[in-house]
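Notes follow once the structure below has been shown.
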Amino acid sequence: MKIAMLGFGSVGKGVYQACLDHQMFYASQYGVELEVEKVLVRRPHPMLGERGVTTFEAIVDDPEIECVIEVMGGIQPAYSYISRALKAGKHVVSANKDLVAEKGPELFEIARNHRVKFCFEASVGGGIPVLYPLKSSLQANRIESLSGILNGTSNYILSRMQDDRLAFDEALAQAQDLGYAERDPSADISGLDAARKLVILASLAWNKQFSLHHVRCQGIETVRLDDLAEAKQQGETIKLVAEAMQASDGYRLSVGPKRISSDHPLFMVSGVNNAVVVKGDLTGDVMFFGAGAGGQPTASSVLSDVLNLALNQAVQLTFSNEVPSVIGL
Ligand SMILES: NC(=O)c1ccc[n+]([C@@H]2O[C@H](COP(=O)([O-])OP(=O)(O)OC[C@H]3O[C@@H](n4cnc5c(N)ncnc54)[C@H](OP(=O)(O)O)[C@@H]3O)[C@@H](O)[C@H]2O)c1
């Protein structure tokens, strides 16, 4: 399968390298030959040579490209590029949580109308498979609640503050030095990034279109060292917890710092790890845990979607555009 990529940043480079390194393995294991033919970049890149292209037309007008991987981020031009690729009969795999949270149903419809698929496992939880299991392996359940640690940067900062008594600014600087936090970490620290992922999870779980204004959201800026010390003394910890639940009168979605006790499944999720706990009416709690970000882990989810497409096994995950009734805002 000939593929093209849009964007060559942390995830783009991870996907590109993983695809090269695993090419023989995919061929022998699955009989699939994945070839990255073109990568959209703003300016020529030494790693890419002739493969680097600077116009989207070079990709969308190429009839040999069957699948486009979008790893640029943001709403525009990502939305236009993805919809044009779908309309041109190309499958699209995206890691873009902002876009799926905001424009998911529109993209599902374009994909359906053009008999291709729009896959987005990497948009929540990086390398942790959670969206597909939620919609397929757990589909026999009524989902009662979702809770998770969905942002590795803020979890790392809180872990360093509690374990090493680092002040918030020092922990943030350390996270930035290690590449765990962006230069502008505001979306991570304010809870916005976790809220976007919660919106996607809740939309899939309950087949409605939740949006950011349905989430009561608070970040970790107000957590003090004393709060963490007090929690620790009582055998508890403080995490940025994203939660969604279905009550009799509506849905309740929140992101915020929360004290959790040692018997809670999220207690041991430390550092940059992420976890999602899904409570089904039949299964009870099921927990997904692992690396929530990073080039290689995210490449695992992106390339698994691509392999499923190549093997004709991809399932179109969807949620409707029905607006839910939300309480507790
Ligand atoms: N980082 C993670 O661990 C992770 C995990 C899961 C999902 N994601 C998602 O994956 C996506 C990419 O994240 P990232 O961390 O790889 O971001 P990144 O490092 O900032 O990379 C994005 C790349 O896209 C390029 N780009 C943006 N607009 C472009 C345009 N119009 N034309 C050509 N290139 C363009 C950027 O180029 P310039 O540098 O020239 O602007 C940059 O190289 C985002 O949607 C993010 O939410 C990331």
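Going through the structure tokens in order, the chains are called A, B, and so on, while each chain numbers its residues from 1 and the ligands are numbered from 1 in the order shown.
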
For this session: Would you please extract all alpha helix (DSSP H) residues from stretch 57-133 of chain A, as assigned by DSSP on the backbone, and give them as a PyMOL selection string?
Result: chain A and resi 57-60+78-87+97-113+131-132

Selected residues written out, C-alpha atoms, as a short mmCIF file (atom, residue, chain, number, x, y, z; two decimals), in the first residue's frame:
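out-v3.cif, freshly written:
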```
data_model
loop_
_atom_site.label_atom_id
_atom_site.label_comp_id
_atom_site.auth_asym_id
_atom_site.auth_seq_id
_atom_site.Cartn_x
_atom_site.Cartn_y
_atom_site.Cartn_z
CA GLU A 57 -1.82 18.68 -4.51
CA ALA A 58 1.26 16.50 -5.07
CA ILE A 59 -0.43 14.01 -2.73
CA VAL A 60 -4.13 14.33 -3.37
CA ALA A 78 -5.91 19.61 8.46
CA TYR A 79 -9.71 19.51 8.02
CA SER A 80 -9.57 20.67 4.37
CA TYR A 81 -6.75 18.30 3.51
CA ILE A 82 -8.43 15.31 5.14
CA SER A 83 -11.81 15.97 3.54
CA ARG A 84 -10.18 16.43 0.13
CA ALA A 85 -8.21 13.20 0.54
CA LEU A 86 -11.38 11.28 1.52
CA LYS A 87 -13.29 12.77 -1.42
CA LYS A 97 -7.70 14.87 18.75
CA ASP A 98 -8.70 18.52 18.20
CA LEU A 99 -10.13 17.64 14.81
CA VAL A 100 -11.88 14.40 15.80
CA ALA A 101 -13.44 16.10 18.85
CA GLU A 102 -14.71 19.02 16.76
CA LYS A 103 -15.43 17.61 13.30
CA GLY A 104 -15.72 13.84 13.77
CA PRO A 105 -19.28 13.28 12.42
CA GLU A 106 -18.66 15.46 9.32
CA LEU A 107 -15.56 13.45 8.45
CA PHE A 108 -17.32 10.10 9.08
CA GLU A 109 -20.02 11.15 6.64
CA ILE A 110 -17.58 12.23 3.94
CA ALA A 111 -15.73 8.92 4.37
CA ARG A 112 -18.99 6.94 4.14
CA ASN A 113 -20.12 8.82 1.02
CA LEU A 131 -11.00 3.55 21.06
CA TYR A 132 -11.25 0.37 19.03
#
```

Problem set entry | At most 8 Å from ligand 1 (only C-alpha atoms and all ligand atoms): residue list as a PyMOL selection string | chain A and resi 6-13+40-43+54-55+70-74+76-78+94-99+122-127+292-295+297-298

Problem set entry | Top pick for closest residue to A:Asp285, considering A:Glu144, A:Glu182, A:Glu37, A:Asp193 and counting only C-alpha atoms | A:Glu144

For this session: Give me the residues within 7 Å of A:Ala299 as number ranges by chain, counting only C-alpha atoms and dropping any in the same chain fewer than 5 places off.
Result: A: 11, 14-15, 18

Give one line per residue of stretch 245-291 of chain A that approaches stretch 151-160 of chain A to at most 6 Å, naming the two atoms of the closest pair and their distance in Å to one decimal, counting only C-alpha atoms; sort by chain then ascending residue number and deliver it as a Markdown table.
```
| residue | atom | partner | partner_atom | distance |
| --- | --- | --- | --- | --- |
| A:Gly271 | CA | A:Tyr156 | CA | 4.0 |
| A:Val272 | CA | A:Gly152 | CA | 4.0 |
| A:Asn273 | CA | A:Gly152 | CA | 5.6 |
```

Please build the interface table for stretch 118-222 of chain A against stretch 322-327 of chain A with a cut-off of 10 Å, listing for each qualifying residue the nearest atom pair and the distance in Å to one decimal; count only C-alpha atoms, order rows by chain and increasing number, and write it as CSV.
```
residue,atom,partner,partner_atom,distance
A:Ser203,CA,A:Pro324,CA,9.2
A:Trp206,CA,A:Pro324,CA,9.0
A:Asn207,CA,A:Glu322,CA,7.8
A:Lys208,CA,A:Glu322,CA,5.0
A:Gln209,CA,A:Val323,CA,5.4
A:Phe210,CA,A:Pro324,CA,6.6
A:Ser211,CA,A:Val323,CA,8.8
A:His213,CA,A:Val326,CA,9.8
A:His214,CA,A:Val326,CA,6.4
A:Val215,CA,A:Val326,CA,8.8
A:Arg216,CA,A:Ile327,CA,9.8
```

For this session: Would you kindly return, as a PyMOL selection string, each protein, DNA or RNA residue with an atom no farther than 12 Å from any atom of A:Phe288, considering only C-alpha atoms and excluding same-chain residues fewer than 6 positions away?
Result: chain A and resi 124-134+146-150+265-266+269+273-279

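Distance check against A:Thr222 using only C-alpha atoms: of A:Leu240, A:Leu34, A:Ile75, A:Leu198, the minimum falls on A:Leu240.
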
Problem set entry | Best match for closeness to A:Gly235 among A:Glu35, A:Glu121, A:Glu221, A:Asp263, counting only C-alpha atoms | A:Asp263

Problem set entry | Selection near stretch 280-282 of chain A, 7 Å with only C-alpha atoms, sequence-local residues under 4 positions removed, as a PyMOL selection string | chain A and resi 141-144

Exercise. Can you tell me, as JSON, numbers by chain, what residues are no more than 10 Å from A:Lys38 when counting only C-alpha atoms, ignoring any on the same chain fewer than 4 positions away?
Worked result: {"A": [2, 3, 4, 5, 6, 48, 49, 50, 51, 52, 53, 54, 56, 58, 59, 62, 65, 68]}
